[in-house]
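**Student:** Contents of run.cif (mmCIF, C-alpha atoms) are given next:
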```
data_target
loop_
_atom_site.label_atom_id
_atom_site.label_comp_id
_atom_site.auth_asym_id
_atom_site.auth_seq_id
_atom_site.Cartn_x
_atom_site.Cartn_y
_atom_site.Cartn_z
CA MET A 1 15.97 -7.99 39.75
CA ALA A 2 15.63 -11.32 41.47
CA LYS A 3 18.77 -13.24 42.34
CA ALA A 4 19.58 -16.83 41.48
CA SER A 5 20.75 -19.07 44.27
CA GLY A 6 24.34 -18.56 43.18
CA GLY A 7 23.98 -14.78 43.31
CA GLU A 8 23.73 -14.29 39.53
CA PRO A 9 21.31 -11.46 38.71
CA ARG A 10 18.26 -12.58 36.77
CA GLN A 11 15.53 -10.91 34.82
CA PRO A 12 11.94 -11.15 36.12
CA ASP A 13 11.25 -14.18 33.90
CA GLY A 14 14.13 -16.09 35.50
CA ALA A 15 16.60 -15.73 32.61
CA PRO A 16 20.11 -14.59 33.49
CA ALA A 17 20.43 -10.82 33.20
CA LEU A 18 22.62 -9.62 30.35
CA GLY A 19 25.58 -7.38 31.11
CA PRO A 20 25.64 -4.02 29.26
CA GLY A 21 28.14 -5.20 26.65
CA ARG A 22 26.34 -8.46 25.91
CA ALA A 23 22.97 -6.72 25.82
CA ARG A 24 24.26 -4.22 23.25
CA ALA A 25 25.78 -7.00 21.17
CA GLU A 26 22.53 -9.00 21.20
CA SER A 27 20.54 -5.90 20.32
CA ARG A 28 22.83 -5.19 17.38
CA GLY A 29 22.57 -8.78 16.17
CA ASN A 30 18.78 -8.49 16.29
CA SER A 31 19.04 -5.24 14.36
CA PHE A 32 20.86 -6.99 11.51
CA MET A 33 18.19 -9.71 11.44
CA LYS A 34 15.40 -7.11 11.40
CA SER A 35 17.09 -5.31 8.51
CA ALA A 36 17.43 -8.55 6.55
CA LEU A 37 13.77 -9.34 7.27
CA ALA A 38 12.70 -5.91 6.02
CA ILE A 39 14.65 -6.37 2.77
CA LEU A 40 13.11 -9.82 2.31
CA GLY A 41 9.63 -8.41 2.86
CA GLU A 42 10.17 -5.73 0.25
CA THR A 43 11.84 -7.84 -2.43
CA GLY A 44 11.12 -11.52 -1.73
CA ARG A 45 14.76 -12.17 -2.62
CA THR A 46 17.82 -13.26 -0.70
CA ASP A 47 20.44 -11.99 -3.15
CA PHE A 48 20.89 -8.78 -1.19
CA THR A 49 24.39 -7.95 0.01
CA VAL A 50 25.88 -7.59 3.46
CA LEU A 51 26.43 -3.93 2.65
CA GLU A 52 22.69 -3.43 2.11
CA VAL A 53 21.99 -4.94 5.52
CA VAL A 54 24.62 -2.74 7.12
CA GLU A 55 23.28 0.42 5.50
CA ARG A 56 19.72 -0.45 6.52
CA SER A 57 20.92 -1.05 10.09
CA LYS A 58 22.90 2.23 10.13
CA THR A 59 25.95 0.41 11.47
CA SER A 60 29.26 -0.69 9.96
CA LEU A 61 30.72 -3.68 8.16
CA ARG A 62 33.03 -4.18 11.12
CA ALA A 63 30.04 -4.44 13.45
CA PHE A 64 28.33 -6.91 11.13
CA TYR A 65 31.34 -9.22 10.96
CA GLN A 66 31.62 -9.17 14.73
CA HIS A 67 28.28 -11.01 14.74
CA PHE A 68 28.12 -13.00 11.50
CA ALA A 69 30.94 -14.36 9.35
CA THR A 70 28.76 -14.47 6.21
CA LYS A 71 25.32 -13.61 4.94
CA ASP A 72 24.46 -17.31 5.20
CA GLU A 73 25.10 -17.14 8.95
CA LEU A 74 22.81 -14.12 9.23
CA LEU A 75 20.00 -15.87 7.36
CA LEU A 76 20.50 -19.07 9.35
CA ALA A 77 20.16 -17.05 12.55
CA LEU A 78 17.03 -15.42 11.18
CA ILE A 79 15.43 -18.73 10.16
CA ASP A 80 16.46 -20.20 13.52
CA LYS A 81 14.70 -17.37 15.36
CA ILE A 82 11.55 -17.64 13.24
CA MET A 83 11.41 -21.43 13.52
CA SER A 84 12.04 -21.60 17.26
CA GLU A 85 9.48 -18.88 18.05
CA SER A 86 6.88 -20.39 15.72
CA THR A 87 7.39 -23.90 17.09
CA GLU A 88 7.03 -22.65 20.64
CA ARG A 89 3.63 -21.15 19.74
CA TRP A 90 2.55 -24.29 17.92
CA ARG A 91 3.55 -26.48 20.84
CA ALA A 92 1.33 -24.40 23.12
CA GLU A 93 -1.53 -24.52 20.59
CA THR A 94 -1.41 -28.29 20.20
CA SER A 95 -0.67 -29.40 23.76
CA SER A 96 -4.34 -30.06 24.57
CA LEU A 97 -5.33 -31.50 21.16
CA THR A 98 -5.49 -35.13 20.15
CA ALA A 99 -2.49 -36.31 18.18
CA THR A 100 -4.37 -36.30 14.88
CA ASP A 101 -5.79 -32.83 15.46
CA ALA A 102 -2.37 -31.61 16.56
CA LEU A 103 -0.75 -32.81 13.33
CA ARG A 104 -3.54 -31.20 11.32
CA ARG A 105 -2.92 -27.92 13.14
CA ILE A 106 0.80 -28.09 12.37
CA VAL A 107 0.11 -28.62 8.66
CA GLN A 108 -2.38 -25.76 8.69
CA ARG A 109 0.17 -23.44 10.25
CA LEU A 110 2.92 -24.47 7.85
CA SER A 111 0.75 -24.10 4.76
CA ALA A 112 -1.23 -21.00 5.77
CA PRO A 113 -1.24 -18.31 3.06
CA ALA A 114 0.67 -15.13 3.80
CA SER A 115 -1.37 -12.47 5.58
CA SER A 116 0.25 -9.58 3.68
CA SER A 117 2.47 -8.86 0.68
CA THR A 118 5.36 -8.30 3.09
CA GLN A 119 4.86 -11.72 4.68
CA GLU A 120 4.56 -13.26 1.22
CA GLY A 121 7.92 -11.80 0.27
CA ILE A 122 9.52 -13.14 3.44
CA ASN A 123 8.01 -16.60 2.93
CA ARG A 124 9.04 -16.75 -0.72
CA GLY A 125 12.60 -15.63 -0.09
CA LEU A 126 13.25 -17.92 2.87
CA THR A 127 11.48 -20.94 1.38
CA PHE A 128 13.70 -21.01 -1.67
CA TYR A 129 16.81 -20.10 0.30
CA ASN A 130 16.25 -23.24 2.34
CA ASP A 131 17.43 -25.28 -0.67
CA HIS A 132 20.72 -23.42 -0.70
CA LEU A 133 21.22 -23.94 3.03
CA GLN A 134 20.39 -27.65 2.81
CA GLU A 135 23.09 -28.05 0.17
CA THR A 136 25.78 -25.83 1.69
CA LYS A 137 25.16 -26.08 5.45
CA PRO A 138 23.16 -29.28 6.07
CA ARG A 139 24.29 -29.74 9.67
CA GLU A 140 23.48 -26.17 10.65
CA PHE A 141 20.16 -26.21 8.80
CA ALA A 142 19.19 -29.49 10.48
CA ARG A 143 19.83 -27.85 13.84
CA VAL A 144 17.47 -25.02 12.88
CA LEU A 145 14.73 -27.55 12.10
CA GLU A 146 15.22 -29.54 15.31
CA PRO A 147 12.48 -27.75 17.33
CA LEU A 148 9.84 -28.56 14.69
CA HIS A 149 11.09 -32.14 14.33
CA ASP A 150 10.97 -32.57 18.11
CA LEU A 151 7.39 -31.25 18.25
CA ILE A 152 6.17 -33.61 15.52
CA ARG A 153 8.01 -36.51 17.16
CA ASP A 154 6.31 -35.77 20.49
CA ILE A 155 2.91 -35.66 18.79
CA LEU A 156 3.57 -38.99 17.06
CA ARG A 157 4.44 -40.58 20.40
CA ARG A 158 1.16 -39.31 21.85
CA GLY A 159 -0.68 -40.82 18.91
CA ILE A 160 1.03 -44.18 19.36
CA ALA A 161 0.22 -44.14 23.07
CA ASP A 162 -3.49 -43.47 22.51
CA GLY A 163 -3.80 -45.91 19.61
CA SER A 164 -4.29 -43.33 16.85
CA PHE A 165 -1.08 -44.35 15.09
CA ARG A 166 0.60 -47.70 14.46
CA SER A 167 2.77 -48.92 17.30
CA ASN A 168 5.61 -50.00 14.97
CA ILE A 169 6.31 -46.51 13.59
CA GLU A 170 9.99 -45.51 13.63
CA VAL A 171 9.25 -42.16 15.27
CA ASP A 172 12.38 -40.18 14.39
CA THR A 173 12.19 -41.16 10.73
CA ALA A 174 8.42 -40.65 10.45
CA ALA A 175 8.68 -37.21 12.08
CA ALA A 176 11.40 -36.18 9.63
CA ILE A 177 9.40 -37.42 6.62
CA PHE A 178 6.20 -35.77 7.86
CA MET A 179 7.99 -32.47 8.49
CA GLN A 180 9.79 -32.37 5.15
CA THR A 181 6.67 -33.42 3.21
CA ALA A 182 4.61 -30.67 4.84
CA LEU A 183 7.33 -28.06 4.26
CA GLY A 184 7.85 -29.12 0.65
CA ALA A 185 4.12 -29.13 -0.10
CA MET A 186 4.00 -25.40 0.61
CA ARG A 187 5.48 -24.87 -2.85
CA LEU A 188 2.52 -26.57 -4.47
CA ARG A 189 0.16 -23.70 -3.73
CA ASN A 190 0.67 -22.08 -7.13
CA LEU A 191 1.96 -25.07 -9.07
CA SER A 192 -1.03 -27.21 -8.15
CA ARG A 193 -3.40 -24.85 -9.96
CA GLU A 194 -1.52 -25.54 -13.18
CA LEU A 195 -1.23 -29.28 -12.58
CA THR A 196 -4.70 -30.08 -11.27
CA GLY A 197 -6.81 -26.97 -11.84
CA VAL A 198 -7.30 -26.51 -8.08
CA GLU A 199 -5.09 -25.36 -5.24
CA ILE A 200 -3.81 -28.10 -2.96
CA ASP A 201 -4.86 -27.07 0.53
CA SER A 202 -3.76 -28.03 4.03
CA ASP A 203 -6.41 -30.77 4.34
CA ALA A 204 -5.06 -32.58 1.26
CA ILE A 205 -1.50 -32.26 2.58
CA TYR A 206 -2.56 -33.55 6.00
CA ASP A 207 -4.48 -36.52 4.55
CA PHE A 208 -1.45 -37.54 2.50
CA CYS A 209 1.02 -37.14 5.36
CA VAL A 210 -1.04 -38.98 7.98
CA HIS A 211 -2.08 -41.88 5.71
CA GLY A 212 0.98 -43.96 6.55
CA LEU A 213 0.65 -43.40 10.29
CA ALA A 214 -2.88 -44.64 10.95
CA SER A 215 -3.31 -47.80 12.97
#
```
With the file now loaded, output its structure as structure tokens.

**Tutor:**
Amino acid sequence: MAKASGGEPRQPDGAPALGPGRARAESRGNSFMKSALAILGETGRTDFTVLEVVERSKTSLRAFYQHFATKDELLLALIDKIMSESTERWRAETSSLTATDALRRIVQRLSAPASSSTQEGINRGLTFYNDHLQETKPREFARVLEPLHDLIRDILRRGIADGSFRSNIEVDTAAAIFMQTALGAMRLRNLSRELTGVEIDSDAIYDFCVHGLAS
């Protein structure tokens, strides 16, 4: 392993190397998240118990509570991981696009249909659990959404700089509204068929969201 200037061992990618104990703890925490994800994929529900997660992970309740105080903390960690990894990919995808195309790409990614029944179960379970987290843990849930909010805010600033968007936009507020509108519109996929006879797609969501931004 390479060494940092202060002598701290580092992994090849430059991140500090984990000691054996910390590495085991992180691995076990990931195991609990993978087990929760598997249950979500199978059932599409978040009313599973901590005991089910523990049994799926082949560990113990004691080990679980060394990592997470509640099931909410486990699911917050899971959503945090999914959101941060997804946002990192989307940032790379949109870095070379115009601001308008970048926002369209974000909406497309957020509203893309599930690629499998397992993914559909995960999406359904976590989407509706978000309401619970917003009510019970708003500060923690806001922190989970920060990477996506930051990405949209950066794209809006690019659009203001190149003249695509109005110069008087309050960027933080507009980014939050855009993000929440796009996330909320995901639920319209099935409902829209009953309301309008057609499915509301990502283009319709994008057109609505970007309307108030244009210069």

**Student:** Given the file shown, determine the residues that the PyMOL selection byres ((chain A and resi 150-157) around 8) selects; report them as a list in words.

**Tutor:**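 So the PyMOL selection byres ((chain A and resi 150-157) around 8) ends up selecting Thr87, Arg91, Ala99, Ala102, Leu103, Glu146, Pro147, Leu148, His149, Arg158, Gly159, Ile160, Ala161, Phe165, Val171, Asp172, Ala174, Ala175, Phe178 and Met179 of chain A.
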
**Student:** Tell me which protein, DNA and RNA residues are within 10 Å of A:Leu76, counting only C-alpha atoms, leaving out same-chain ones fewer than 3 positions away, and put them as number ranges by chain.

**Tutor:** A: 33, 68, 70-73, 79-82, 126, 129-130, 133, 137, 140-141, 143-144

**Student:** For the residues in that selection, give me C-alpha atoms as a short mmCIF file (atom, residue, chain, number, x, y, z; two decimals), in the coordinates of the input.

**Tutor:**
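As written to disk, selection_13.cif reads:
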```cif
data_model
loop_
_atom_site.label_atom_id
_atom_site.label_comp_id
_atom_site.auth_asym_id
_atom_site.auth_seq_id
_atom_site.Cartn_x
_atom_site.Cartn_y
_atom_site.Cartn_z
CA MET A 33 18.19 -9.71 11.44
CA PHE A 68 28.12 -13.00 11.50
CA THR A 70 28.76 -14.47 6.21
CA LYS A 71 25.32 -13.61 4.94
CA ASP A 72 24.46 -17.31 5.20
CA GLU A 73 25.10 -17.14 8.95
CA ILE A 79 15.43 -18.73 10.16
CA ASP A 80 16.46 -20.20 13.52
CA LYS A 81 14.70 -17.37 15.36
CA ILE A 82 11.55 -17.64 13.24
CA LEU A 126 13.25 -17.92 2.87
CA TYR A 129 16.81 -20.10 0.30
CA ASN A 130 16.25 -23.24 2.34
CA LEU A 133 21.22 -23.94 3.03
CA LYS A 137 25.16 -26.08 5.45
CA GLU A 140 23.48 -26.17 10.65
CA PHE A 141 20.16 -26.21 8.80
CA ARG A 143 19.83 -27.85 13.84
CA VAL A 144 17.47 -25.02 12.88
#
```

**Student:** Between atom CA of A:Leu40 and atom CA of A:Ser111, what is the spacing in Å?

**Tutor:**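 So the answer is 19.0 Å.
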
**Student:** Let me know the centre plus edge lengths, in Å and rounded to one decimal, of a box with edges along x, y and z that contains all listed atoms of stretch 175-185 of chain A and is padded by 8 Å on every side, as lines of an AutoDock Vina configuration file.

**Tutor:**
```
center_x = 7.8
center_y = -32.7
center_z = 6.0
size_x = 23.3
size_y = 25.4
size_z = 28.2
```

**Student:** If you apply the PyMOL selection byres ((chain A and resi 64) around 9) to this file, what residues do you get, as a compact mmCIF listing (two decimals) with C-alpha atoms, keeping the file's coordinate frame?

**Tutor:**
```txt
# COMPACT_ATOMS: atom_id res chain seq x y z
CA ARG A 28 22.83 -5.19 17.38
CA GLY A 29 22.57 -8.78 16.17
CA PHE A 32 20.86 -6.99 11.51
CA VAL A 50 25.88 -7.59 3.46
CA VAL A 53 21.99 -4.94 5.52
CA VAL A 54 24.62 -2.74 7.12
CA THR A 59 25.95 0.41 11.47
CA SER A 60 29.26 -0.69 9.96
CA LEU A 61 30.72 -3.68 8.16
CA ARG A 62 33.03 -4.18 11.12
CA ALA A 63 30.04 -4.44 13.45
CA TYR A 65 31.34 -9.22 10.96
CA GLN A 66 31.62 -9.17 14.73
CA HIS A 67 28.28 -11.01 14.74
CA PHE A 68 28.12 -13.00 11.50
CA ALA A 69 30.94 -14.36 9.35
```

**Student:** What is the distance, in Å and to one decimal place, between atom CA of A:Leu183 and atom CA of A:Thr98?

**Tutor:**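 Atom CA of A:Thr98 lies at a distance of 21.6 Å from atom CA of A:Leu183.
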
**Student:** Fewer than 6 positions away in the same chain doesn't count, so skip those; otherwise give me all residues within 12 Å of A:Leu191, counting all atoms listed in the file, as a list of chain:residue names.

**Tutor:**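 Skipping anything fewer than 6 positions along the chain leaves A:Ala185, A:Gly197, A:Val198, A:Glu199, A:Ile200, A:Asp201.
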
**Student:** For atom CA of A:Pro113 and atom CA of A:Ser31, determine how far apart the two atoms are, in Å to one decimal place.

**Tutor:**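 According to the coordinates, atom CA of A:Pro113 and atom CA of A:Ser31 are separated by 26.6 Å.
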
**Student:** Could you list, as a ChimeraX atom specification, every residue matched by the PyMOL selection byres ((chain A and resi 39) around 12) in this structure?

**Tutor:** /A:32-38,40-50,52-57,75,118-119,121-122,125-126

**Student:** Atoms to include: C-alpha atoms. Write the selected residues as a CSV table (one decimal), keeping the file's coordinate frame.

**Tutor:**
```csv
chain,number,residue,atom,x,y,z
A,32,PHE,CA,20.9,-7.0,11.5
A,33,MET,CA,18.2,-9.7,11.4
A,34,LYS,CA,15.4,-7.1,11.4
A,35,SER,CA,17.1,-5.3,8.5
A,36,ALA,CA,17.4,-8.6,6.6
A,37,LEU,CA,13.8,-9.3,7.3
A,38,ALA,CA,12.7,-5.9,6.0
A,40,LEU,CA,13.1,-9.8,2.3
A,41,GLY,CA,9.6,-8.4,2.9
A,42,GLU,CA,10.2,-5.7,0.2
A,43,THR,CA,11.8,-7.8,-2.4
A,44,GLY,CA,11.1,-11.5,-1.7
A,45,ARG,CA,14.8,-12.2,-2.6
A,46,THR,CA,17.8,-13.3,-0.7
A,47,ASP,CA,20.4,-12.0,-3.2
A,48,PHE,CA,20.9,-8.8,-1.2
A,49,THR,CA,24.4,-8.0,0.0
A,50,VAL,CA,25.9,-7.6,3.5
A,52,GLU,CA,22.7,-3.4,2.1
A,53,VAL,CA,22.0,-4.9,5.5
A,54,VAL,CA,24.6,-2.7,7.1
A,55,GLU,CA,23.3,0.4,5.5
A,56,ARG,CA,19.7,-0.4,6.5
A,57,SER,CA,20.9,-1.0,10.1
A,75,LEU,CA,20.0,-15.9,7.4
A,118,THR,CA,5.4,-8.3,3.1
A,119,GLN,CA,4.9,-11.7,4.7
A,121,GLY,CA,7.9,-11.8,0.3
A,122,ILE,CA,9.5,-13.1,3.4
A,125,GLY,CA,12.6,-15.6,-0.1
A,126,LEU,CA,13.2,-17.9,2.9
```

**Student:** Of the candidates A:Thr100, A:Thr127, A:Gln180, A:Gln134, which one gets nearest to A:His211 if we count all atoms listed in the file?

**Tutor:**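 Comparing A:Thr100, A:Thr127, A:Gln180, A:Gln134 against A:His211, the winner is A:Thr100.
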
**Student:** Identify which of the residues A:Ser95, A:Glu88, A:Ala176, A:Ala214 lies closest to A:Gly163, counting all atoms listed in the file when measuring atom-to-atom distances.

**Tutor:**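 Looking only at the distances to A:Gly163, the closest residue turns out to be A:Ala214.
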